[in-house]
Amino acid sequence: MTVDAAGAVEIRRALVRLRRTTGLPVAFGGLVEAGRPRMRISELSGTATTSLLALAVTSGNGLGGRTVALARPCAVADYSVSRQISHEYDAPVAAEGLRSVLAVPVVVRRRVRGVLYGALRDARPLGDRTMAAAVDAARDVEQALVVGDEARDVLAAARAEPPPGDSSGWEQVREAHAALRALAPRITDPALRTELLDACALLTPAPASPAGVALAPRELDVLACVAAGATNAVAADRLGVSAETVKAYLRSAMRKLGARTRGEAVAAARRAGVLP
């Protein structure tokens, strides 16, 4: 799945949440086009027409363009007569019968990556609670995009071969493996999550002998962090669990591997071919 396709999925999910939490009957949105000062509306929810579909909104123009330019939420109580915005897009908005509209930016690393809209078909102010719920929906998209970006960065690093004669090559591989294992459970896109786990498998050598060790995914996650030099506290932070949970998984892995220490567990896992 491409970056844009994965982002569109997150926008679609956010629109469903936005309508549910705000009670607004109509929601739509899209991503900012790479390398261009505009966003394109690609996702509709609750609309009666397709007048807004594929509409390209230039930064600074209309309500969404103003939101992109200012990188902050904006709203109008009556779109067609509002003096706060320019009116390049009045025709498609009127065709859908929208009057009161809000727009919330999706901001990742200080860059607007998309816009979520919510709307009513009558003219009245949208309250602070409605705006706050829309902002929360945008925050969910932001977090998903951040995780996706991190996953792709780690995948790229994992696939890059270390320079010839680089003695730190294996340590880089182990760090990449640990990062991939930690990221995988946070990925909502099944295709990207599978790709991450497949990359993990590529980083592990074939076992020296058939060991028959069956470690649970979270046990492998913990061992990967330990192999990269992480303490229990650091592993807990990376995996989004408590330090006690990390200890429990580590104890279970050690028992299965017949190891008495963390170091022995890592060495046994490497011999079994489940860690690089």
# chains A, B, ... in the order shown; residues from 1 in each chain; ligands from 1

call {"tool": "residues_around", "arguments": {"residues": "segment 118-120 of chain A", "least_positions_apart": "2", "cutoff": "10 Å", "atoms": "only C-alpha atoms", "output": "PyMOL selection string"}}
result
chain A and resi 15+18-19+22-29+45-47+75-79+97-104+116+122-126+130-131+134

call {"tool": "write_last_selection", "arguments": {"atoms": "C-alpha atoms", "output": "short mmCIF file (atom, residue, chain, number, x, y, z; two decimals), in the first residue's frame"}}
result
data_model
loop_
_atom_site.label_atom_id
_atom_site.label_comp_id
_atom_site.auth_asym_id
_atom_site.auth_seq_id
_atom_site.Cartn_x
_atom_site.Cartn_y
_atom_site.Cartn_z
CA LEU A 15 -14.44 10.93 9.06
CA LEU A 18 -15.88 12.78 13.35
CA ARG A 19 -19.53 12.23 12.39
CA THR A 22 -19.85 15.53 16.66
CA GLY A 23 -23.25 14.54 15.32
CA LEU A 24 -22.49 16.40 12.09
CA PRO A 25 -24.30 14.71 9.18
CA VAL A 26 -21.60 15.35 6.58
CA ALA A 27 -17.83 14.91 6.68
CA PHE A 28 -15.19 14.86 3.98
CA GLY A 29 -11.45 15.32 3.64
CA SER A 45 -19.02 10.49 4.37
CA GLY A 46 -22.72 11.33 4.56
CA THR A 47 -22.77 13.34 1.34
CA ALA A 75 -15.09 27.42 10.71
CA VAL A 76 -17.84 29.48 9.08
CA ALA A 77 -21.49 29.66 10.11
CA ASP A 78 -22.74 30.24 6.56
CA TYR A 79 -20.25 29.30 3.85
CA GLY A 97 -26.28 21.94 0.16
CA LEU A 98 -23.75 22.78 2.88
CA ARG A 99 -23.98 25.94 4.98
CA SER A 100 -22.12 25.66 8.30
CA VAL A 101 -18.68 24.11 7.79
CA LEU A 102 -15.55 23.48 9.87
CA ALA A 103 -12.11 22.43 8.67
CA VAL A 104 -9.33 20.95 10.83
CA LEU A 116 -10.88 17.03 7.77
CA ASP A 122 -28.30 24.77 7.84
CA ALA A 123 -26.59 28.02 8.87
CA ARG A 124 -25.66 28.15 12.55
CA PRO A 125 -22.46 28.46 14.57
CA LEU A 126 -20.58 25.29 15.43
CA THR A 130 -17.94 20.17 18.14
CA MET A 131 -14.66 21.74 17.10
CA ALA A 134 -13.13 17.32 15.18
#

call {"tool": "residues_around", "arguments": {"residues": "segment 214-216 of chain A", "least_positions_apart": "5", "cutoff": "12 Å", "atoms": "only C-alpha atoms", "output": "list in words"}}
result
Asp221, Val222, Leu223, Ala224, Tyr249, Leu250, Arg251, Ser252, Ala253, Met254, Arg255, Lys256, Leu257, Ala265, Ala268, Ala269, Ala272, Gly273, Val274 and Leu275 of chain A

call {"tool": "closest_residue", "arguments": {"among": "A:Pro217, A:Pro276, A:Gly229, A:Gly30", "to": "Leu52 of chain A", "atoms": "only C-alpha atoms"}}
result
A:Gly30

call {"tool": "closest_residue", "arguments": {"among": "A:Gly127, A:Arg262, A:Ala178, A:Leu183", "to": "Ala228 of chain A", "atoms": "only C-alpha atoms"}}
result
A:Ala178

call {"tool": "select_by_dssp", "arguments": {"residues": "segment 26-184 of chain A", "states": "strand (DSSP E)", "output": "PyMOL selection string"}}
result
chain A and resi 26-32+38-45+56-58+74-76+100-108+111-120

call {"tool": "atom_distance", "arguments": {"atom1": "atom CA of Ile85 of chain A", "atom2": "atom CA of Val135 of chain A"}}
result
20.1 Å

call {"tool": "select_by_dssp", "arguments": {"residues": "segment 43-251 of chain A", "states": "alpha helix (DSSP H)", "output": "PyMOL selection string"}}
result
chain A and resi 62-70+90-95+128-159+169-183+190-203+217-227+232-239+243-251

call {"tool": "write_last_selection", "arguments": {"atoms": "C-alpha atoms", "output": "tab-separated table (two decimals), in the first residue's frame"}}
result
chain	number	residue	atom	x	y	z
A	62	GLY	CA	-11.78	28.71	0.53
A	63	LEU	CA	-12.17	27.32	4.04
A	64	GLY	CA	-9.92	24.28	3.56
A	65	GLY	CA	-7.24	26.31	1.81
A	66	ARG	CA	-7.28	28.81	4.67
A	67	THR	CA	-6.86	25.93	7.11
A	68	VAL	CA	-3.87	24.61	5.11
A	69	ALA	CA	-2.27	28.06	4.96
A	70	LEU	CA	-2.76	28.84	8.67
A	90	ASP	CA	-18.99	27.99	-3.70
A	91	ALA	CA	-20.50	25.96	-6.54
A	92	PRO	CA	-19.57	22.44	-5.33
A	93	VAL	CA	-20.34	23.40	-1.71
A	94	ALA	CA	-23.77	24.72	-2.74
A	95	ALA	CA	-24.42	21.62	-4.87
A	128	ASP	CA	-16.42	24.60	20.90
A	129	ARG	CA	-17.31	21.00	21.78
A	130	THR	CA	-17.94	20.17	18.14
A	131	MET	CA	-14.66	21.74	17.10
A	132	ALA	CA	-12.77	19.94	19.89
A	133	ALA	CA	-14.18	16.57	18.77
A	134	ALA	CA	-13.13	17.32	15.18
A	135	VAL	CA	-9.63	18.22	16.37
A	136	ASP	CA	-9.45	14.90	18.27
A	137	ALA	CA	-10.33	13.04	15.06
A	138	ALA	CA	-7.52	14.87	13.27
A	139	ARG	CA	-5.07	13.97	16.06
A	140	ASP	CA	-5.84	10.28	15.44
A	141	VAL	CA	-4.86	10.69	11.79
A	142	GLU	CA	-1.69	12.54	12.79
A	143	GLN	CA	-0.61	9.71	15.11
A	144	ALA	CA	-1.31	7.08	12.44
A	145	LEU	CA	0.70	9.03	9.85
A	146	VAL	CA	3.62	9.47	12.27
A	147	VAL	CA	3.72	5.72	12.96
A	148	GLY	CA	3.51	4.98	9.23
A	149	ASP	CA	6.36	7.39	8.51
A	150	GLU	CA	8.49	5.82	11.23
A	151	ALA	CA	7.76	2.35	9.92
A	152	ARG	CA	8.81	3.27	6.40
A	153	ASP	CA	11.98	4.95	7.67
A	154	VAL	CA	12.92	1.83	9.61
A	155	LEU	CA	12.10	-0.40	6.64
A	156	ALA	CA	14.36	1.69	4.42
A	157	ALA	CA	17.16	1.49	6.98
A	158	ALA	CA	16.69	-2.24	7.41
A	159	ARG	CA	16.91	-2.86	3.67
A	169	GLY	CA	26.87	-3.49	10.58
A	170	TRP	CA	25.41	-6.22	12.78
A	171	GLU	CA	24.60	-3.78	15.55
A	172	GLN	CA	22.72	-1.64	13.03
A	173	VAL	CA	20.83	-4.72	11.87
A	174	ARG	CA	19.91	-5.60	15.45
A	175	GLU	CA	18.77	-2.06	16.19
A	176	ALA	CA	16.67	-2.05	13.02
A	177	HIS	CA	15.18	-5.43	13.95
A	178	ALA	CA	14.25	-4.19	17.42
A	179	ALA	CA	12.72	-1.02	15.99
A	180	LEU	CA	10.67	-2.99	13.47
A	181	ARG	CA	9.38	-5.36	16.15
A	182	ALA	CA	8.42	-2.42	18.37
A	183	LEU	CA	6.64	-0.58	15.57
A	190	PRO	CA	-2.49	-4.84	7.89
A	191	ALA	CA	-0.47	-4.79	4.65
A	192	LEU	CA	2.20	-2.51	6.10
A	193	ARG	CA	2.30	-4.49	9.35
A	194	THR	CA	2.84	-7.72	7.39
A	195	GLU	CA	5.58	-6.03	5.35
A	196	LEU	CA	7.31	-4.97	8.57
A	197	LEU	CA	7.20	-8.46	10.04
A	198	ASP	CA	8.45	-9.93	6.75
A	199	ALA	CA	11.37	-7.50	6.92
A	200	CYS	CA	12.07	-8.74	10.45
A	201	ALA	CA	12.26	-12.28	9.14
A	202	LEU	CA	14.76	-11.23	6.48
A	203	LEU	CA	17.04	-9.85	9.19
A	217	PRO	CA	5.41	-12.43	19.20
A	218	ARG	CA	5.69	-10.26	22.32
A	219	GLU	CA	8.46	-12.47	23.71
A	220	LEU	CA	10.36	-11.87	20.48
A	221	ASP	CA	9.64	-8.13	20.72
A	222	VAL	CA	11.15	-8.01	24.21
A	223	LEU	CA	14.18	-10.11	23.25
A	224	ALA	CA	14.79	-7.91	20.21
A	225	CYS	CA	14.90	-4.84	22.47
A	226	VAL	CA	17.20	-6.61	24.93
A	227	ALA	CA	19.48	-7.71	22.08
A	232	ASN	CA	13.47	-3.20	30.78
A	233	ALA	CA	12.29	0.40	31.18
A	234	VAL	CA	13.40	1.39	27.69
A	235	ALA	CA	11.85	-1.77	26.20
A	236	ALA	CA	8.59	-0.98	27.99
A	237	ASP	CA	8.57	2.52	26.55
A	238	ARG	CA	9.26	1.28	23.02
A	239	LEU	CA	6.59	-1.41	23.16
A	243	ALA	CA	8.12	-2.68	32.83
A	244	GLU	CA	6.46	-5.54	34.75
A	245	THR	CA	4.94	-6.83	31.53
A	246	VAL	CA	8.38	-6.73	29.89
A	247	LYS	CA	9.80	-8.75	32.80
A	248	ALA	CA	7.04	-11.32	32.47
A	249	TYR	CA	7.65	-11.80	28.74
A	250	LEU	CA	11.39	-11.97	29.32
A	251	ARG	CA	11.02	-14.63	32.03

call {"tool": "residues_around", "arguments": {"residues": "Pro37 of chain A", "least_positions_apart": "4", "cutoff": "8 Å", "atoms": "only C-alpha atoms", "output": "list in words"}}
result
Val32, Glu33, Thr58 and Ser59 of chain A

call {"tool": "write_last_selection", "arguments": {"atoms": "N, CA and C atoms", "output": "compact mmCIF listing (two decimals), in the first residue's frame"}}
result
# COMPACT_ATOMS: atom_id res chain seq x y z
N VAL A 32 -2.91 16.57 1.54
CA VAL A 32 -2.18 17.56 0.77
C VAL A 32 -1.31 16.82 -0.25
N GLU A 33 -1.32 17.27 -1.49
CA GLU A 33 -0.55 16.60 -2.53
C GLU A 33 0.94 16.88 -2.34
N THR A 58 -6.66 24.80 -3.27
CA THR A 58 -5.37 25.48 -3.21
C THR A 58 -5.18 26.16 -1.86
N SER A 59 -3.97 26.08 -1.35
CA SER A 59 -3.64 26.72 -0.07
C SER A 59 -4.03 28.19 -0.09

call {"tool": "atom_distance", "arguments": {"atom1": "atom CA of Leu31 of chain A", "atom2": "atom CA of Arg13 of chain A"}}
result
13.5 Å
